[in-house]
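Asks: You'll find work17.txt just under this line, and it carries compact mmCIF, C-alpha atoms.
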```txt
# COMPACT_ATOMS: atom_id res chain seq x y z
CA MET A 2 0.00 0.00 0.00
CA ARG A 3 1.13 3.52 -0.75
CA LYS A 4 1.94 5.26 2.49
CA ILE A 5 4.63 7.92 2.09
CA ILE A 6 3.04 11.32 1.42
CA CYS A 7 5.10 14.38 0.57
CA ILE A 8 3.51 17.71 1.36
CA PHE A 9 4.79 19.59 -1.66
CA ASN A 10 4.79 23.23 -2.64
CA GLN A 11 7.82 25.36 -3.40
CA LYS A 12 6.08 28.51 -2.33
CA GLY A 13 6.37 29.52 1.29
CA GLY A 14 3.45 30.32 3.55
CA VAL A 15 0.90 28.13 1.78
CA GLY A 16 0.27 25.87 4.75
CA LYS A 17 2.72 23.01 4.15
CA THR A 18 3.85 22.61 7.74
CA LEU A 19 0.37 22.98 9.26
CA THR A 20 -0.93 20.45 6.76
CA ALA A 21 1.90 18.00 7.44
CA VAL A 22 1.54 18.24 11.19
CA ASN A 23 -2.25 18.21 11.40
CA LEU A 24 -2.69 15.55 8.72
CA SER A 25 -0.25 13.20 10.42
CA ALA A 26 -1.85 13.97 13.81
CA ALA A 27 -5.33 13.35 12.40
CA LEU A 28 -4.16 10.05 10.91
CA ALA A 29 -2.79 9.14 14.34
CA LEU A 30 -6.12 10.02 15.95
CA ALA A 31 -7.77 7.75 13.38
CA GLY A 32 -5.72 4.90 14.82
CA LYS A 33 -2.99 4.86 12.21
CA ARG A 34 0.67 4.61 13.10
CA ALA A 35 1.99 7.87 11.65
CA LEU A 36 5.48 9.28 11.23
CA LEU A 37 6.04 12.97 10.60
CA VAL A 38 9.35 13.63 8.86
CA ASP A 39 10.51 17.21 9.20
CA CYS A 40 12.74 17.98 6.21
CA ASP A 41 12.71 21.73 6.79
CA PRO A 42 15.80 23.01 8.60
CA GLN A 43 13.59 25.59 10.28
CA GLY A 44 12.16 22.73 12.32
CA SER A 45 8.67 24.21 12.59
CA ALA A 46 6.89 20.89 12.07
CA THR A 47 8.98 19.33 14.81
CA ALA A 48 8.19 22.22 17.13
CA ILE A 49 4.41 22.14 16.72
CA SER A 50 4.14 18.37 16.76
CA GLY A 51 4.56 18.45 20.51
CA ALA A 52 7.93 16.69 20.39
CA SER A 53 9.95 18.14 23.21
CA LYS A 54 13.42 19.34 22.34
CA LYS A 55 14.83 17.72 25.46
CA HIS A 56 13.76 14.32 24.18
CA TYR A 57 16.03 14.25 21.17
CA SER A 58 19.65 14.96 20.45
CA PHE A 59 19.92 13.48 16.96
CA THR A 60 18.15 14.61 13.82
CA LEU A 61 17.23 13.56 10.32
CA GLU A 62 20.61 14.63 9.08
CA ASP A 63 22.36 12.21 11.46
CA ALA A 64 20.33 9.32 10.07
CA ILE A 65 20.88 10.27 6.46
CA MET A 66 24.60 10.68 7.02
CA GLY A 67 24.67 7.25 8.63
CA ARG A 68 25.86 8.48 12.01
CA VAL A 69 22.88 6.96 13.81
CA GLN A 70 20.28 4.30 13.00
CA ALA A 71 17.09 5.86 11.70
CA LYS A 72 14.94 4.14 14.31
CA ASP A 73 17.05 5.59 17.10
CA ILE A 74 16.24 9.13 16.05
CA ILE A 75 12.47 8.90 15.97
CA VAL A 76 10.86 10.64 18.93
CA GLN A 77 7.42 10.72 20.47
CA SER A 78 4.99 13.54 19.72
CA CYS A 79 2.13 14.59 21.96
CA LEU A 80 0.05 11.77 20.44
CA TYR A 81 0.79 8.12 21.11
CA ASN A 82 0.40 7.07 17.46
CA LEU A 83 2.39 9.95 16.04
CA LYS A 84 6.16 9.77 15.91
CA VAL A 85 8.48 12.48 14.64
CA PHE A 86 11.74 12.62 12.75
CA PRO A 87 13.17 15.92 14.01
CA ALA A 88 14.77 18.35 11.56
CA PRO A 89 18.15 19.82 12.37
CA THR A 90 19.22 23.35 11.73
CA ALA A 91 22.10 23.12 9.29
CA MET A 92 21.07 19.90 7.59
CA SER A 93 21.04 21.13 4.05
CA PHE A 94 24.43 22.72 4.16
CA SER A 95 26.35 19.62 5.11
CA LEU A 96 24.31 17.38 2.82
CA LEU A 97 24.94 19.64 -0.11
CA HIS A 98 28.63 18.90 0.24
CA GLN A 99 28.07 15.21 -0.40
CA PRO A 100 29.59 14.06 -3.68
CA VAL A 101 27.15 13.70 -6.53
CA ALA A 102 28.06 10.03 -6.87
CA THR A 103 26.09 9.26 -3.71
CA GLU A 104 22.82 10.01 -5.54
CA ASN A 105 21.83 12.83 -3.25
CA GLU A 106 18.23 12.85 -4.40
CA ARG A 107 17.68 9.33 -3.03
CA LEU A 108 19.16 9.83 0.42
CA LEU A 109 15.77 10.22 2.08
CA LYS A 110 14.16 7.44 0.07
CA ARG A 111 16.75 4.90 1.16
CA MET A 112 16.13 5.81 4.77
CA LEU A 113 12.32 5.91 4.67
CA ASP A 114 12.02 2.65 2.73
CA GLY A 115 13.57 0.99 5.76
CA LEU A 116 10.78 2.34 7.96
CA ARG A 117 7.78 1.39 5.84
CA ALA A 118 6.95 -1.69 7.87
CA ASP A 119 6.75 0.26 11.12
CA PHE A 120 4.15 2.83 10.02
CA ASP A 121 0.82 3.06 8.25
CA PHE A 122 1.58 6.54 6.97
CA ILE A 123 4.73 8.63 6.66
CA VAL A 124 4.22 12.34 6.03
CA THR A 125 7.14 14.54 4.97
CA ASP A 126 7.22 18.31 5.36
CA MET A 127 9.61 19.97 2.93
CA PRO A 128 11.29 23.37 2.93
CA SER A 129 10.04 26.12 0.64
CA SER A 130 13.41 27.18 -0.65
CA HIS A 131 15.30 25.21 -3.23
CA GLU A 132 17.18 22.80 -1.05
CA ILE A 133 18.26 19.24 -1.36
CA PHE A 134 14.97 18.07 0.16
CA THR A 135 12.91 19.78 -2.50
CA VAL A 136 13.94 16.83 -4.65
CA ASN A 137 14.49 14.24 -1.93
CA ALA A 138 11.02 14.43 -0.41
CA PRO A 139 9.02 13.72 -3.60
CA THR A 140 11.62 11.20 -4.71
CA ALA A 141 11.03 9.26 -1.50
CA ALA A 142 7.23 9.59 -1.64
CA ASP A 143 4.51 7.39 -3.03
CA ALA A 144 2.30 10.43 -3.47
CA ALA A 145 2.48 14.21 -3.27
CA LEU A 146 -0.17 16.36 -1.64
CA ILE A 147 -0.14 19.98 -2.77
CA PRO A 148 -1.44 22.53 -0.26
CA LEU A 149 -2.65 25.56 -2.16
CA GLN A 150 -3.24 28.79 -0.33
CA SER A 151 -6.43 30.45 -1.56
CA GLU A 152 -4.53 33.45 -2.88
CA TYR A 153 -3.66 34.52 -6.41
CA LEU A 154 0.13 34.17 -6.23
CA ALA A 155 -0.12 30.65 -4.82
CA TYR A 156 -2.56 29.68 -7.55
CA ARG A 157 -0.36 31.28 -10.19
CA ASN A 158 2.53 29.14 -8.90
CA LEU A 159 0.57 25.89 -9.18
CA LYS A 160 1.70 25.39 -12.75
CA LYS A 161 5.36 25.52 -11.72
CA ASN A 162 4.78 23.07 -8.89
CA LEU A 163 3.11 20.60 -11.23
CA GLU A 164 5.95 20.94 -13.70
CA ILE A 165 8.54 20.32 -10.98
CA LEU A 166 6.69 17.22 -9.81
CA GLN A 167 6.51 15.97 -13.38
CA ALA A 168 10.25 16.49 -13.76
CA ILE A 169 11.01 14.67 -10.50
CA LYS A 170 8.68 11.84 -11.49
CA LYS A 171 10.45 11.49 -14.81
CA ALA A 172 13.97 11.70 -13.44
CA HIS A 173 13.81 10.02 -10.04
CA ASN A 174 10.45 8.52 -9.11
CA PRO A 175 8.32 7.16 -11.97
CA ASP A 176 5.74 5.77 -9.54
CA LEU A 177 5.04 9.14 -7.93
CA LYS A 178 1.36 10.09 -7.89
CA ILE A 179 -0.41 13.23 -6.84
CA VAL A 180 -2.94 12.38 -4.17
CA GLY A 181 -4.61 15.76 -4.47
CA ILE A 182 -4.60 19.52 -4.17
CA LEU A 183 -5.73 20.96 -0.85
CA LEU A 184 -7.12 24.48 -0.68
CA THR A 185 -5.85 26.12 2.49
CA MET A 186 -6.55 29.39 4.30
CA TYR A 187 -9.88 29.57 2.49
CA ASP A 188 -11.92 32.64 3.30
CA GLU A 189 -15.56 32.33 2.29
CA GLY A 190 -15.90 36.10 2.52
CA SER A 191 -13.07 36.69 0.07
CA TYR A 192 -13.99 37.12 -3.58
CA ILE A 193 -10.54 35.93 -4.66
CA SER A 194 -10.83 32.76 -2.55
CA ARG A 195 -14.17 31.94 -4.13
CA ARG A 196 -12.92 32.61 -7.66
CA ILE A 197 -9.88 30.39 -7.13
CA PHE A 198 -12.11 27.63 -5.81
CA GLU A 199 -14.38 27.93 -8.86
CA SER A 200 -11.42 28.03 -11.25
CA ILE A 201 -9.70 24.99 -9.79
CA ARG A 202 -13.00 23.11 -9.84
CA LYS A 203 -13.28 23.96 -13.50
CA HIS A 204 -9.75 23.09 -14.55
CA LEU A 205 -8.53 20.45 -12.09
CA ASP A 206 -11.71 19.12 -10.57
CA THR A 207 -10.67 15.57 -9.71
CA ALA A 208 -7.43 16.76 -8.16
CA LEU A 209 -9.08 18.98 -5.59
CA PHE A 210 -9.86 17.47 -2.20
CA ASP A 211 -13.45 17.88 -1.05
CA THR A 212 -11.96 19.08 2.19
CA ILE A 213 -11.04 22.74 2.34
CA ILE A 214 -8.98 24.17 5.17
CA PRO A 215 -10.53 27.48 6.24
CA ARG A 216 -8.83 30.38 7.89
CA ASP A 217 -9.11 29.62 11.57
CA ILE A 218 -7.75 31.67 14.45
CA GLY A 219 -7.35 28.42 16.34
CA ILE A 220 -4.53 27.44 13.99
CA ALA A 221 -2.40 30.38 15.09
CA GLU A 222 -3.17 29.61 18.72
CA SER A 223 -2.23 25.97 18.31
CA THR A 224 1.18 26.87 16.88
CA ALA A 225 1.82 29.09 19.88
CA LEU A 226 0.98 26.11 22.07
CA GLU A 227 3.41 24.02 19.95
CA LYS A 228 0.82 21.34 19.35
CA PRO A 229 -1.34 20.29 16.39
CA LEU A 230 -4.72 22.00 16.13
CA VAL A 231 -6.45 18.61 16.21
CA VAL A 232 -5.01 18.28 19.73
CA THR A 233 -5.47 21.79 21.10
CA ASP A 234 -9.04 22.31 19.84
CA VAL A 235 -10.47 19.23 18.20
CA ASN A 236 -13.90 20.86 17.90
CA SER A 237 -12.66 23.87 15.93
CA VAL A 238 -13.60 24.27 12.28
CA GLY A 239 -9.96 23.87 11.27
CA ALA A 240 -9.45 20.69 13.28
CA LYS A 241 -12.60 19.14 11.87
CA SER A 242 -11.33 19.95 8.40
CA TYR A 243 -8.03 18.20 9.04
CA LEU A 244 -9.83 15.15 10.45
CA LYS A 245 -11.99 15.07 7.32
CA LEU A 246 -8.87 15.44 5.20
CA ALA A 247 -7.27 12.45 6.90
CA ASN A 248 -10.25 10.28 5.98
CA GLU A 249 -10.14 11.53 2.41
CA VAL A 250 -6.40 10.91 2.16
CA MET A 251 -6.81 7.33 3.44
CA VAL A 252 -9.43 6.62 0.78
CA ARG A 253 -7.45 8.26 -2.01
CA MET A 254 -4.23 6.50 -1.05
CA GLN A 255 -6.04 3.18 -1.25
CA ASN A 256 -7.53 3.97 -4.63
CA ILE A 257 -4.51 5.32 -6.50
CA ASN A 258 -2.55 2.67 -8.38
CA MET B 3 -34.35 66.17 -68.61
CA ALA B 4 -31.40 68.45 -68.59
CA THR B 5 -28.00 66.90 -68.28
CA ILE B 6 -25.09 68.53 -66.59
CA THR B 7 -21.86 67.13 -67.76
CA PHE B 8 -18.40 67.37 -66.35
CA GLY B 9 -15.38 65.15 -66.30
CA GLU B 10 -15.86 61.82 -64.44
CA HIS B 11 -12.51 62.35 -62.79
CA VAL B 12 -13.88 65.34 -60.89
CA ILE B 13 -16.21 63.12 -58.77
CA ASN B 14 -13.67 60.32 -58.37
CA ASP B 15 -10.88 62.67 -57.41
CA SER B 16 -13.13 64.42 -54.90
CA ILE B 17 -14.17 61.13 -53.34
CA ARG B 18 -10.53 59.99 -53.15
CA GLU B 19 -9.56 63.29 -51.62
CA LEU B 20 -12.32 63.03 -49.02
CA ILE B 21 -11.40 59.46 -48.13
CA GLU B 22 -7.71 60.35 -47.87
CA LYS B 23 -8.60 63.20 -45.53
CA ILE B 24 -10.64 60.84 -43.35
CA LYS B 25 -7.85 58.25 -43.39
CA SER B 26 -5.27 60.77 -42.31
CA ASN B 27 -7.40 61.77 -39.34
CA ILE B 28 -8.19 58.27 -38.10
CA ASP B 29 -6.98 57.66 -34.56
CA LEU B 30 -5.64 54.09 -34.64
CA GLU B 31 -5.73 53.92 -30.85
CA GLN B 32 -9.49 54.27 -31.04
CA VAL B 33 -9.55 51.42 -33.53
CA ARG B 34 -7.56 49.33 -31.03
CA ALA B 35 -10.10 50.22 -28.37
CA VAL B 36 -12.94 49.09 -30.64
CA CYS B 37 -11.08 45.82 -31.32
CA LYS B 38 -10.74 45.18 -27.60
CA GLU B 39 -14.12 46.32 -26.38
CA GLN B 40 -16.33 45.03 -29.18
CA HIS B 41 -14.35 42.00 -30.38
CA GLY B 42 -12.16 41.02 -27.41
CA ILE B 43 -8.99 41.43 -29.42
CA ALA B 44 -6.43 42.98 -27.10
CA THR B 45 -3.30 41.54 -28.65
CA VAL B 46 -3.32 43.63 -31.79
CA GLU B 47 0.18 43.68 -33.21
CA ASN B 48 -0.38 45.98 -36.17
CA ILE B 49 -3.17 48.04 -37.74
CA GLU B 50 -3.07 49.30 -41.28
CA LEU B 51 -5.78 51.19 -43.09
CA LYS B 52 -6.03 49.60 -46.52
CA GLU B 53 -8.74 51.51 -48.37
CA GLY B 54 -11.95 53.43 -47.98
CA ASP B 55 -15.13 54.02 -49.88
CA ILE B 56 -18.43 55.88 -49.70
CA VAL B 57 -21.35 53.48 -49.37
CA THR B 58 -24.96 53.41 -48.25
CA TYR B 59 -25.52 51.69 -44.95
CA GLN B 60 -28.91 51.45 -43.30
CA ASP B 61 -30.34 54.07 -45.60
CA GLN B 62 -27.66 56.62 -45.02
CA VAL B 63 -24.39 57.57 -46.60
CA ALA B 64 -21.44 56.06 -44.74
CA PHE B 65 -17.68 55.94 -45.08
CA LYS B 66 -16.44 52.36 -45.18
CA LEU B 67 -12.86 51.95 -44.04
CA ASP B 68 -11.10 48.60 -44.42
CA PHE B 69 -8.43 47.90 -41.86
CA ASP B 70 -5.83 45.17 -42.06
CA ILE B 71 -5.36 44.04 -38.43
CA ARG B 72 -2.80 41.47 -37.26
CA PHE B 73 -3.34 39.75 -33.90
CA VAL B 74 -2.50 36.55 -32.00
CA LEU B 75 -5.18 33.91 -31.46
CA PRO B 76 -4.10 31.26 -28.92
CA VAL B 77 -5.69 27.90 -29.73
CA MET B 78 -5.22 25.12 -27.17
CA ILE B 79 -4.85 21.60 -28.53
CA ASP B 80 -4.58 18.51 -26.35
CA ARG B 81 -2.24 15.58 -26.86
CA ARG B 82 -4.72 13.90 -29.22
CA GLY B 83 -4.86 16.95 -31.40
CA ASP B 84 -8.34 17.99 -30.33
CA CYS B 85 -8.99 21.66 -29.84
CA ILE B 86 -9.81 22.05 -26.17
CA SER B 87 -10.03 25.78 -25.98
CA VAL B 88 -9.67 28.99 -27.89
CA LEU B 89 -8.44 31.32 -25.25
CA PRO B 90 -9.77 34.84 -25.10
CA MET B 91 -7.56 36.87 -27.38
CA ASP B 92 -6.48 39.07 -24.53
CA SER B 93 -5.41 36.05 -22.47
CA GLU B 94 -1.74 36.82 -22.90
CA LYS B 95 -2.22 39.97 -20.92
CA PRO B 96 -5.15 39.38 -18.59
CA SER B 97 -6.17 42.61 -17.04
CA THR B 98 -8.71 41.74 -14.36
CA PRO B 99 -8.28 39.54 -11.25
CA GLU B 100 -10.88 37.15 -12.67
CA GLU B 101 -8.95 36.80 -15.91
CA ARG B 102 -5.67 36.29 -14.12
CA ILE B 103 -7.14 33.61 -11.88
CA GLU B 104 -8.65 31.91 -14.91
CA GLU B 105 -5.31 32.09 -16.69
CA ALA B 106 -3.54 30.50 -13.71
CA GLY B 107 -6.04 27.65 -13.73
CA SER B 108 -5.82 26.99 -17.44
CA GLN B 109 -2.02 27.12 -17.32
CA ALA B 110 -1.96 24.55 -14.52
CA ALA B 111 -4.34 22.32 -16.45
CA LEU B 112 -2.20 22.57 -19.56
CA THR B 113 0.71 20.88 -17.77
CA GLY B 114 -1.22 17.67 -18.45
CA THR B 115 -0.52 16.37 -14.96
CA GLU B 116 -2.27 13.11 -14.15
CA PHE B 117 -4.24 12.99 -10.94
```
Show the structure stored in the file as structure tokens.
Replies:
Amino acid sequence: MRKIICIFNQKGGVGKTLTAVNLSAALALAGKRALLVDCDPQGSATAISGASKKHYSFTLEDAIMGRVQAKDIIVQSCLYNLKVFPAPTAMSFSLLHQPVATENERLLKRMLDGLRADFDFIVTDMPSSHEIFTVNAPTAADAALIPLQSEYLAYRNLKKNLEILQAIKKAHNPDLKIVGILLTMYDEGSYISRRIFESIRKHLDTALFDTIIPRDIGIAESTALEKPLVVTDVNSVGAKSYLKLANEVMVRMQNIN
Amino acid sequence: MATITFGEHVINDSIRELIEKIKSNIDLEQVRAVCKEQHGIATVENIELKEGDIVTYQDQVAFKLDFDIRFVLPVMIDRRGDCISVLPMDSEKPSTPEERIEEAGSQAALTGTEF
């Protein structure tokens, strides 16, 4: 079964980290063994997963560089079923100095393939900037999920994101699928939000998840609490959306070839 | 019936002179505006006034001016060769938020990504 999902979008601020964290947490709440892999050196996903800094001293970089066994780096989040692969700070810099002969784009894939048996779902959060994990995360994934902020510039950038995924699929991961496009930060009162929703329905209907993540003040509050929204306020509109998304993702992942 | 005769060239030369005067006073920017507003053609590359004539139109005398207009018409064809869309002729330079959003959507769809 396909289980590694890359949250992909090269643009910053579209909701990648919130989607990665809350989707993996919602999957955990649904009884699935979930692993959140934080590929972003900023470490935001790690921070808001509820994984305490004092509980880990090694990071994703250590596992990829072979300094530590991958399983020894995984830490507990605030949910029993959700484990976390913490991101380091300077990961990209040292990895970029690896010789090309090591097939840099497959570093993450080799590591995650060894963890498939231990988890029902593995969700990777990637950095926005062009770093080594922009290629590594989709190369390691069975499917990409594209969070799309309900704003014009994000929508304008969708074409580029699809082209990048096509290029990665062709060069490194021919089995890569796109599980769907997720509209985030949707504001029903915004004319632009509504027009983008209508446009994407028109042009890419089957790709769009039924679930839409609305703007929700609870999301900002949950990040300040350094926990997923589905934990801090499970009854909020945003949390309910992420729980619905998790169900939709499970169905879609079963149905894609 | 009395007949007044004069050289045929007098009428023809006068008509030509009138038409030339009209042609020289045509504001091509207004023609561009007509192309855009009435025909949706915003990507006009060149306008040339070819010829003019005096005609009757809807029971009145009118000056007919023939313009040679060059513009780009984007036609979208899918991988099977079927025409899937003829984009609005001003699609290369969408001017409203709605048009820009629509353009972003059609551009994403044209990547042919499988979902």
Asks: Extract, using all atoms listed in the file, all DNA, RNA and protein residues at most 12 Å from Leu28 of chain A, discarding same-chain residues fewer than 4 positions from it, and format them as a ChimeraX atom specification.
Replies: /A:4,6,20-24,32-37,80-84,120-124,229,231,243-252
Asks: Just need the residues of chain A within 10 Å of chain B, counting all atoms listed in the file, so spit them out as a PyMOL selection string.
Replies: chain A and resi 152-164+166-167+178-182+192-193+196-209+257
Asks: Residues within 7 Å of Leu51 of chain B, please, as a PyMOL selection string. Count only C-alpha atoms; anything in the same chain fewer than 5 positions from it doesn't count.
Replies: chain B and resi 68-70
Asks: Between atom CA of Ala29 of chain A and atom CA of Gly14 of chain A, what is the distance in Å, rounded to a tenth?
Replies: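 For atom CA of Ala29 of chain A relative to atom CA of Gly14 of chain A, the distance reads 24.6 Å.
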Asks: So what do you get for atom CA of Met186 of chain A versus atom CA of Ala26 of chain A, distance-wise?
Replies: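 Going from atom CA of Met186 of chain A over to atom CA of Ala26 of chain A covers 18.7 Å.
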Asks: By how many Å are atom CA of Leu67 of chain B and atom CA of Asn27 of chain B apart?
Replies: 12.2 Å
Asks: Taking (2.8, 26.2, 24.3) in the file's coordinates, which residues come within 12 Å, counting only C-alpha atoms, written as a ChimeraX atom specification?
Replies: /A:48-53,79,221-230,233
Asks: Export, as a JSON list (two decimals), in the frame of the given file, the selected residues with C-alpha atoms.
Replies:
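Once everything was written out, this is part_25.json:
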```json
[["chain", "number", "residue", "atom", "x", "y", "z"],
["A", 48, "ALA", "CA", 8.19, 22.22, 17.13],
["A", 49, "ILE", "CA", 4.41, 22.14, 16.72],
["A", 50, "SER", "CA", 4.14, 18.37, 16.76],
["A", 51, "GLY", "CA", 4.56, 18.45, 20.51],
["A", 52, "ALA", "CA", 7.93, 16.69, 20.39],
["A", 53, "SER", "CA", 9.95, 18.14, 23.21],
["A", 79, "CYS", "CA", 2.13, 14.59, 21.96],
["A", 221, "ALA", "CA", -2.40, 30.38, 15.09],
["A", 222, "GLU", "CA", -3.17, 29.61, 18.72],
["A", 223, "SER", "CA", -2.23, 25.97, 18.31],
["A", 224, "THR", "CA", 1.18, 26.87, 16.88],
["A", 225, "ALA", "CA", 1.82, 29.09, 19.88],
["A", 226, "LEU", "CA", 0.98, 26.11, 22.07],
["A", 227, "GLU", "CA", 3.41, 24.02, 19.95],
["A", 228, "LYS", "CA", 0.82, 21.34, 19.35],
["A", 229, "PRO", "CA", -1.34, 20.29, 16.39],
["A", 230, "LEU", "CA", -4.72, 22.00, 16.13],
["A", 233, "THR", "CA", -5.47, 21.79, 21.10]]
```
Asks: Neighbours of segment 9-17 of chain B within 10 Å (all atoms listed in the file; same-chain residues fewer than 5 positions away dropped), as a PyMOL selection string?
Replies: chain B and resi 22-23+54-56
Asks: Name the closest residue to Ile21 of chain B among the candidates B:Glu53, B:Ala4, B:Ser87, B:Tyr59; distances are taken between atoms, counting only C-alpha atoms.
Replies: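 For Ile21 of chain B, the nearest of the candidates is B:Glu53.
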Asks: Would you mind listing what lies within 7 Å of segment 71-79 of chain B as a ChimeraX atom specification, with all atoms listed in the file counted and same-chain residues fewer than 3 positions away left out?
Replies: /B:45-50,83-89,91
Asks: Missing atoms in segment 109-129 of chain A need filling: write out N, CA and C atoms for it as a PDB file, in the frame of the given file.
Replies:
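Written output follows (result03.pdb):
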```pdb
ATOM      1  N   LEU A 109      16.945  10.364   1.207  1.00  0.00           N
ATOM      2  CA  LEU A 109      15.770  10.220   2.080  1.00  0.00           C
ATOM      3  C   LEU A 109      14.999   8.948   1.749  1.00  0.00           C
ATOM      4  N   LYS A 110      14.909   8.636   0.497  1.00  0.00           N
ATOM      5  CA  LYS A 110      14.160   7.440   0.070  1.00  0.00           C
ATOM      6  C   LYS A 110      14.775   6.176   0.690  1.00  0.00           C
ATOM      7  N   ARG A 111      16.094   6.093   0.612  1.00  0.00           N
ATOM      8  CA  ARG A 111      16.750   4.900   1.160  1.00  0.00           C
ATOM      9  C   ARG A 111      16.436   4.748   2.645  1.00  0.00           C
ATOM     10  N   MET A 112      16.390   5.866   3.336  1.00  0.00           N
ATOM     11  CA  MET A 112      16.130   5.810   4.770  1.00  0.00           C
ATOM     12  C   MET A 112      14.668   5.470   5.074  1.00  0.00           C
ATOM     13  N   LEU A 113      13.749   6.121   4.379  1.00  0.00           N
ATOM     14  CA  LEU A 113      12.320   5.910   4.670  1.00  0.00           C
ATOM     15  C   LEU A 113      11.841   4.532   4.225  1.00  0.00           C
ATOM     16  N   ASP A 114      12.416   4.002   3.163  1.00  0.00           N
ATOM     17  CA  ASP A 114      12.020   2.650   2.730  1.00  0.00           C
ATOM     18  C   ASP A 114      12.261   1.637   3.845  1.00  0.00           C
ATOM     19  N   GLY A 115      13.268   1.896   4.644  1.00  0.00           N
ATOM     20  CA  GLY A 115      13.570   0.990   5.760  1.00  0.00           C
ATOM     21  C   GLY A 115      12.596   1.117   6.914  1.00  0.00           C
ATOM     22  N   LEU A 116      11.736   2.118   6.865  1.00  0.00           N
ATOM     23  CA  LEU A 116      10.780   2.340   7.960  1.00  0.00           C
ATOM     24  C   LEU A 116       9.343   2.019   7.562  1.00  0.00           C
ATOM     25  N   ARG A 117       9.139   1.615   6.342  1.00  0.00           N
ATOM     26  CA  ARG A 117       7.780   1.390   5.840  1.00  0.00           C
ATOM     27  C   ARG A 117       6.994   0.409   6.699  1.00  0.00           C
ATOM     28  N   ALA A 118       7.656  -0.635   7.131  1.00  0.00           N
ATOM     29  CA  ALA A 118       6.950  -1.690   7.870  1.00  0.00           C
ATOM     30  C   ALA A 118       6.472  -1.216   9.241  1.00  0.00           C
ATOM     31  N   ASP A 119       7.076  -0.175   9.757  1.00  0.00           N
ATOM     32  CA  ASP A 119       6.750   0.260  11.120  1.00  0.00           C
ATOM     33  C   ASP A 119       5.595   1.274  11.174  1.00  0.00           C
ATOM     34  N   PHE A 120       5.177   1.767  10.009  1.00  0.00           N
ATOM     35  CA  PHE A 120       4.150   2.830  10.020  1.00  0.00           C
ATOM     36  C   PHE A 120       3.085   2.591   8.943  1.00  0.00           C
ATOM     37  N   ASP A 121       1.886   3.099   9.254  1.00  0.00           N
ATOM     38  CA  ASP A 121       0.820   3.060   8.250  1.00  0.00           C
ATOM     39  C   ASP A 121       0.947   4.235   7.284  1.00  0.00           C
ATOM     40  N   PHE A 122       1.385   5.357   7.824  1.00  0.00           N
ATOM     41  CA  PHE A 122       1.580   6.540   6.970  1.00  0.00           C
ATOM     42  C   PHE A 122       2.840   7.298   7.413  1.00  0.00           C
ATOM     43  N   ILE A 123       3.576   7.768   6.414  1.00  0.00           N
ATOM     44  CA  ILE A 123       4.730   8.630   6.660  1.00  0.00           C
ATOM     45  C   ILE A 123       4.494   9.932   5.906  1.00  0.00           C
ATOM     46  N   VAL A 124       4.516  11.027   6.638  1.00  0.00           N
ATOM     47  CA  VAL A 124       4.220  12.340   6.030  1.00  0.00           C
ATOM     48  C   VAL A 124       5.478  13.206   6.106  1.00  0.00           C
ATOM     49  N   THR A 125       5.927  13.707   4.960  1.00  0.00           N
ATOM     50  CA  THR A 125       7.140  14.540   4.970  1.00  0.00           C
ATOM     51  C   THR A 125       6.779  16.010   4.728  1.00  0.00           C
ATOM     52  N   ASP A 126       7.376  16.854   5.521  1.00  0.00           N
ATOM     53  CA  ASP A 126       7.220  18.310   5.360  1.00  0.00           C
ATOM     54  C   ASP A 126       8.500  18.844   4.752  1.00  0.00           C
ATOM     55  N   MET A 127       8.397  19.515   3.624  1.00  0.00           N
ATOM     56  CA  MET A 127       9.610  19.970   2.930  1.00  0.00           C
ATOM     57  C   MET A 127       9.803  21.486   3.056  1.00  0.00           C
ATOM     58  N   PRO A 128      11.038  21.922   2.870  1.00  0.00           N
ATOM     59  CA  PRO A 128      11.290  23.370   2.930  1.00  0.00           C
ATOM     60  C   PRO A 128      10.770  24.061   1.680  1.00  0.00           C
ATOM     61  N   SER A 129      10.535  25.352   1.795  1.00  0.00           N
ATOM     62  CA  SER A 129      10.040  26.120   0.640  1.00  0.00           C
ATOM     63  C   SER A 129      11.155  26.457  -0.328  1.00  0.00           C
TER      64      SER A 129
END
```
